[in-house]
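Engineer: Before I ask anything, here is the structure I am working with.
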Amino acid sequence: MHKVSVIIASWNRKEDLKRTLKSLQTQDYKDFEVIVIDNGSHDGSVELVEKDFPSVRLHKNKENLGVSIAKNQGTILGKGDYVHFLDSDIEMTHSQVISNMVKILEEHPE
């Protein structure tokens, strides 16, 4: 089984981020980590993650460095064999998104 790093760059999207993180809890694939890179939010996003999602790895930037830098930071911090980028306003409405991704990557390693 391969570990997956789910990386979410976020900036002032507290309610969207909350829905995104809740939706990840429904995934049937269990060997994944979630990394949120917060780009200097001031809307309570950081506090939400710290309080309600303690298993999420949180990296706090002091200012908004942009989504590309945030994704690169998450990739460096991640320990997964595979990386799955999510925007902070995406809900996983299907419980097999990550397991299907891993299956495809394992079947077609090229």
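Ligands are numbered from 1 in the order shown, residues from 1 within each chain, and chains are lettered A, B, ... in the order they appear in the structure tokens.
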Just asking: which residues within chain A are strand (DSSP E) according to DSSP, as an NGL selection string?
Structural biologist: :A and (4-10 or 32-39 or 57-61 or 82-87)
Engineer: Would you please extract all helix (DSSP H, G or I) residues from chain A, as assigned by DSSP on the backbone, and give them as a PyMOL selection string?
Structural biologist: chain A and resi 14-24+45-52+67-77+97-107
Engineer: List the neighbours of Val67 in chain A out to 12 Å using only C-alpha atoms; skip same-chain residues closer than 4 positions along the sequence, and give me the result as number ranges by chain.
Structural biologist: A: 7-11, 36-40, 61, 63, 71-74, 85-88
Engineer: Print the selection's residues with all heavy atoms to a file, as a compact mmCIF listing (two decimals), in the first residue's frame.
Structural biologist:
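What ended up in again-v6.txt:
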# COMPACT_ATOMS: atom_id res chain seq x y z
N ILE A 7 -2.28 17.59 -0.17
CA ILE A 7 -1.76 18.92 0.13
C ILE A 7 -2.81 19.97 -0.24
O ILE A 7 -3.30 19.98 -1.37
CB ILE A 7 -0.44 19.18 -0.61
CG1 ILE A 7 0.60 18.15 -0.14
CG2 ILE A 7 0.04 20.61 -0.40
CD1 ILE A 7 1.84 18.09 -0.97
N ILE A 8 -3.12 20.82 0.72
CA ILE A 8 -4.13 21.85 0.53
C ILE A 8 -3.50 23.21 0.84
O ILE A 8 -3.09 23.46 1.98
CB ILE A 8 -5.34 21.63 1.46
CG1 ILE A 8 -5.93 20.24 1.24
CG2 ILE A 8 -6.38 22.72 1.25
CD1 ILE A 8 -6.93 19.82 2.31
N ALA A 9 -3.42 24.06 -0.16
CA ALA A 9 -2.99 25.44 0.05
C ALA A 9 -4.25 26.26 0.34
O ALA A 9 -5.26 26.11 -0.34
CB ALA A 9 -2.28 25.97 -1.19
N SER A 10 -4.17 27.11 1.36
CA SER A 10 -5.37 27.85 1.74
C SER A 10 -5.03 29.26 2.20
O SER A 10 -3.98 29.50 2.81
CB SER A 10 -6.09 27.09 2.87
OG SER A 10 -7.32 27.70 3.18
N TRP A 11 -5.96 30.17 1.93
CA TRP A 11 -5.84 31.54 2.40
C TRP A 11 -7.23 32.11 2.62
O TRP A 11 -8.00 32.27 1.67
CB TRP A 11 -5.07 32.39 1.40
CG TRP A 11 -4.90 33.81 1.83
CD1 TRP A 11 -4.22 34.26 2.93
CD2 TRP A 11 -5.43 34.97 1.19
NE1 TRP A 11 -4.28 35.62 3.01
CE2 TRP A 11 -5.03 36.10 1.94
CE3 TRP A 11 -6.19 35.18 0.05
CZ2 TRP A 11 -5.38 37.39 1.59
CZ3 TRP A 11 -6.54 36.47 -0.29
CH2 TRP A 11 -6.12 37.56 0.47
N VAL A 36 -2.00 21.02 5.39
CA VAL A 36 -2.56 22.31 5.02
C VAL A 36 -1.45 23.35 5.12
O VAL A 36 -0.79 23.47 6.15
CB VAL A 36 -3.74 22.71 5.94
CG1 VAL A 36 -4.16 24.16 5.70
CG2 VAL A 36 -4.92 21.77 5.73
N ILE A 37 -1.26 24.05 4.03
CA ILE A 37 -0.32 25.17 4.02
C ILE A 37 -1.17 26.43 4.07
O ILE A 37 -1.88 26.76 3.11
CB ILE A 37 0.56 25.17 2.74
CG1 ILE A 37 1.25 23.83 2.54
CG2 ILE A 37 1.55 26.33 2.80
CD1 ILE A 37 2.23 23.43 3.61
N ASP A 38 -1.13 27.11 5.20
CA ASP A 38 -1.92 28.33 5.35
C ASP A 38 -1.06 29.53 4.97
O ASP A 38 0.04 29.72 5.50
CB ASP A 38 -2.42 28.48 6.79
CG ASP A 38 -3.29 29.71 6.90
OD1 ASP A 38 -4.47 29.63 6.53
OD2 ASP A 38 -2.76 30.77 7.30
N ASN A 39 -1.59 30.33 4.06
CA ASN A 39 -0.86 31.48 3.53
C ASN A 39 -1.20 32.77 4.27
O ASN A 39 -1.56 33.77 3.67
CB ASN A 39 -1.17 31.64 2.03
CG ASN A 39 -0.12 31.01 1.16
OD1 ASN A 39 1.04 30.94 1.53
ND2 ASN A 39 -0.52 30.55 -0.01
N GLY A 40 -1.07 32.75 5.60
CA GLY A 40 -1.26 33.97 6.39
C GLY A 40 -2.71 34.36 6.59
O GLY A 40 -3.02 35.55 6.68
N ASN A 61 2.37 30.02 7.03
CA ASN A 61 3.17 31.10 6.46
C ASN A 61 2.72 32.42 7.10
O ASN A 61 1.54 32.60 7.37
CB ASN A 61 3.01 31.17 4.95
CG ASN A 61 3.64 29.99 4.25
OD1 ASN A 61 4.65 29.46 4.70
ND2 ASN A 61 3.06 29.56 3.15
N GLU A 63 2.72 35.27 5.65
CA GLU A 63 2.05 36.08 4.64
C GLU A 63 1.66 35.18 3.47
O GLU A 63 2.09 34.03 3.39
CB GLU A 63 2.96 37.20 4.15
CG GLU A 63 4.24 36.70 3.52
CD GLU A 63 5.20 37.82 3.16
OE1 GLU A 63 4.81 39.00 3.25
OE2 GLU A 63 6.32 37.52 2.76
N LYS A 71 2.10 24.97 -2.48
CA LYS A 71 2.09 23.58 -2.94
C LYS A 71 3.49 22.98 -2.89
O LYS A 71 3.67 21.82 -2.52
CB LYS A 71 1.50 23.48 -4.34
CG LYS A 71 -0.01 23.66 -4.36
CD LYS A 71 -0.56 23.55 -5.77
CE LYS A 71 -2.07 23.67 -5.76
NZ LYS A 71 -2.62 23.54 -7.12
N ASN A 72 4.48 23.76 -3.27
CA ASN A 72 5.86 23.28 -3.19
C ASN A 72 6.25 23.01 -1.74
O ASN A 72 6.91 22.00 -1.45
CB ASN A 72 6.83 24.28 -3.82
CG ASN A 72 6.78 24.26 -5.33
OD1 ASN A 72 6.42 23.26 -5.94
ND2 ASN A 72 7.12 25.37 -5.94
N GLN A 73 5.85 23.86 -0.82
CA GLN A 73 6.14 23.63 0.60
C GLN A 73 5.51 22.33 1.07
O GLN A 73 6.13 21.54 1.77
CB GLN A 73 5.60 24.79 1.44
CG GLN A 73 6.38 26.07 1.28
CD GLN A 73 5.72 27.24 2.01
OE1 GLN A 73 4.50 27.38 2.02
NE2 GLN A 73 6.54 28.08 2.62
N GLY A 74 4.26 22.11 0.67
CA GLY A 74 3.57 20.88 1.05
C GLY A 74 4.24 19.65 0.49
O GLY A 74 4.35 18.62 1.17
N PHE A 85 -3.02 17.08 -4.83
CA PHE A 85 -3.29 18.47 -4.50
C PHE A 85 -4.79 18.71 -4.49
O PHE A 85 -5.50 18.26 -5.40
CB PHE A 85 -2.66 19.41 -5.53
CG PHE A 85 -1.15 19.40 -5.52
CD1 PHE A 85 -0.46 18.85 -6.57
CD2 PHE A 85 -0.44 19.94 -4.46
CE1 PHE A 85 0.93 18.84 -6.58
CE2 PHE A 85 0.94 19.93 -4.45
CZ PHE A 85 1.63 19.37 -5.52
N LEU A 86 -5.25 19.40 -3.48
CA LEU A 86 -6.66 19.80 -3.40
C LEU A 86 -6.71 21.30 -3.17
O LEU A 86 -5.92 21.84 -2.40
CB LEU A 86 -7.36 19.13 -2.21
CG LEU A 86 -7.93 17.75 -2.36
CD1 LEU A 86 -8.63 17.33 -1.06
CD2 LEU A 86 -8.90 17.67 -3.51
N ASP A 87 -7.67 21.95 -3.80
CA ASP A 87 -7.94 23.34 -3.46
C ASP A 87 -8.76 23.34 -2.18
O ASP A 87 -9.44 22.36 -1.86
CB ASP A 87 -8.70 24.04 -4.58
CG ASP A 87 -7.83 24.28 -5.81
OD1 ASP A 87 -6.60 24.36 -5.66
OD2 ASP A 87 -8.39 24.38 -6.91
N SER A 88 -8.72 24.43 -1.46
CA SER A 88 -9.39 24.48 -0.16
C SER A 88 -10.91 24.58 -0.26
O SER A 88 -11.59 24.61 0.75
CB SER A 88 -8.84 25.64 0.67
OG SER A 88 -9.00 26.86 -0.03
Engineer: Please provide as a ChimeraX atom specification all residues within 8 Å of Gln27 in chain A, with the sequence filter that same-chain residues fewer than 4 positions apart are discarded (counting only C-alpha atoms).
Structural biologist: /A:23,92,94-99
Engineer: Go ahead and save the picked residues with C-alpha atoms, as a compact mmCIF listing (two decimals), in the first residue's frame.
Structural biologist:
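Heads up, here's the output in result.txt:
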# COMPACT_ATOMS: atom_id res chain seq x y z
CA SER A 23 -14.95 15.32 3.28
CA MET A 92 -14.59 14.83 -1.87
CA HIS A 94 -17.05 10.14 -3.52
CA SER A 95 -15.41 7.97 -0.86
CA GLN A 96 -13.06 6.26 -3.31
CA VAL A 97 -11.29 9.23 -4.88
CA ILE A 98 -7.92 8.51 -3.28
CA SER A 99 -8.14 4.72 -3.58
Engineer: Pick out the closest residue to Ala70 in chain A from this set: A:Leu21, A:Asp52, A:Ile35, A:Ser45. Count only C-alpha atoms.
Structural biologist: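 Looking only at the distances to Ala70 in chain A, the closest residue turns out to be A:Ile35.
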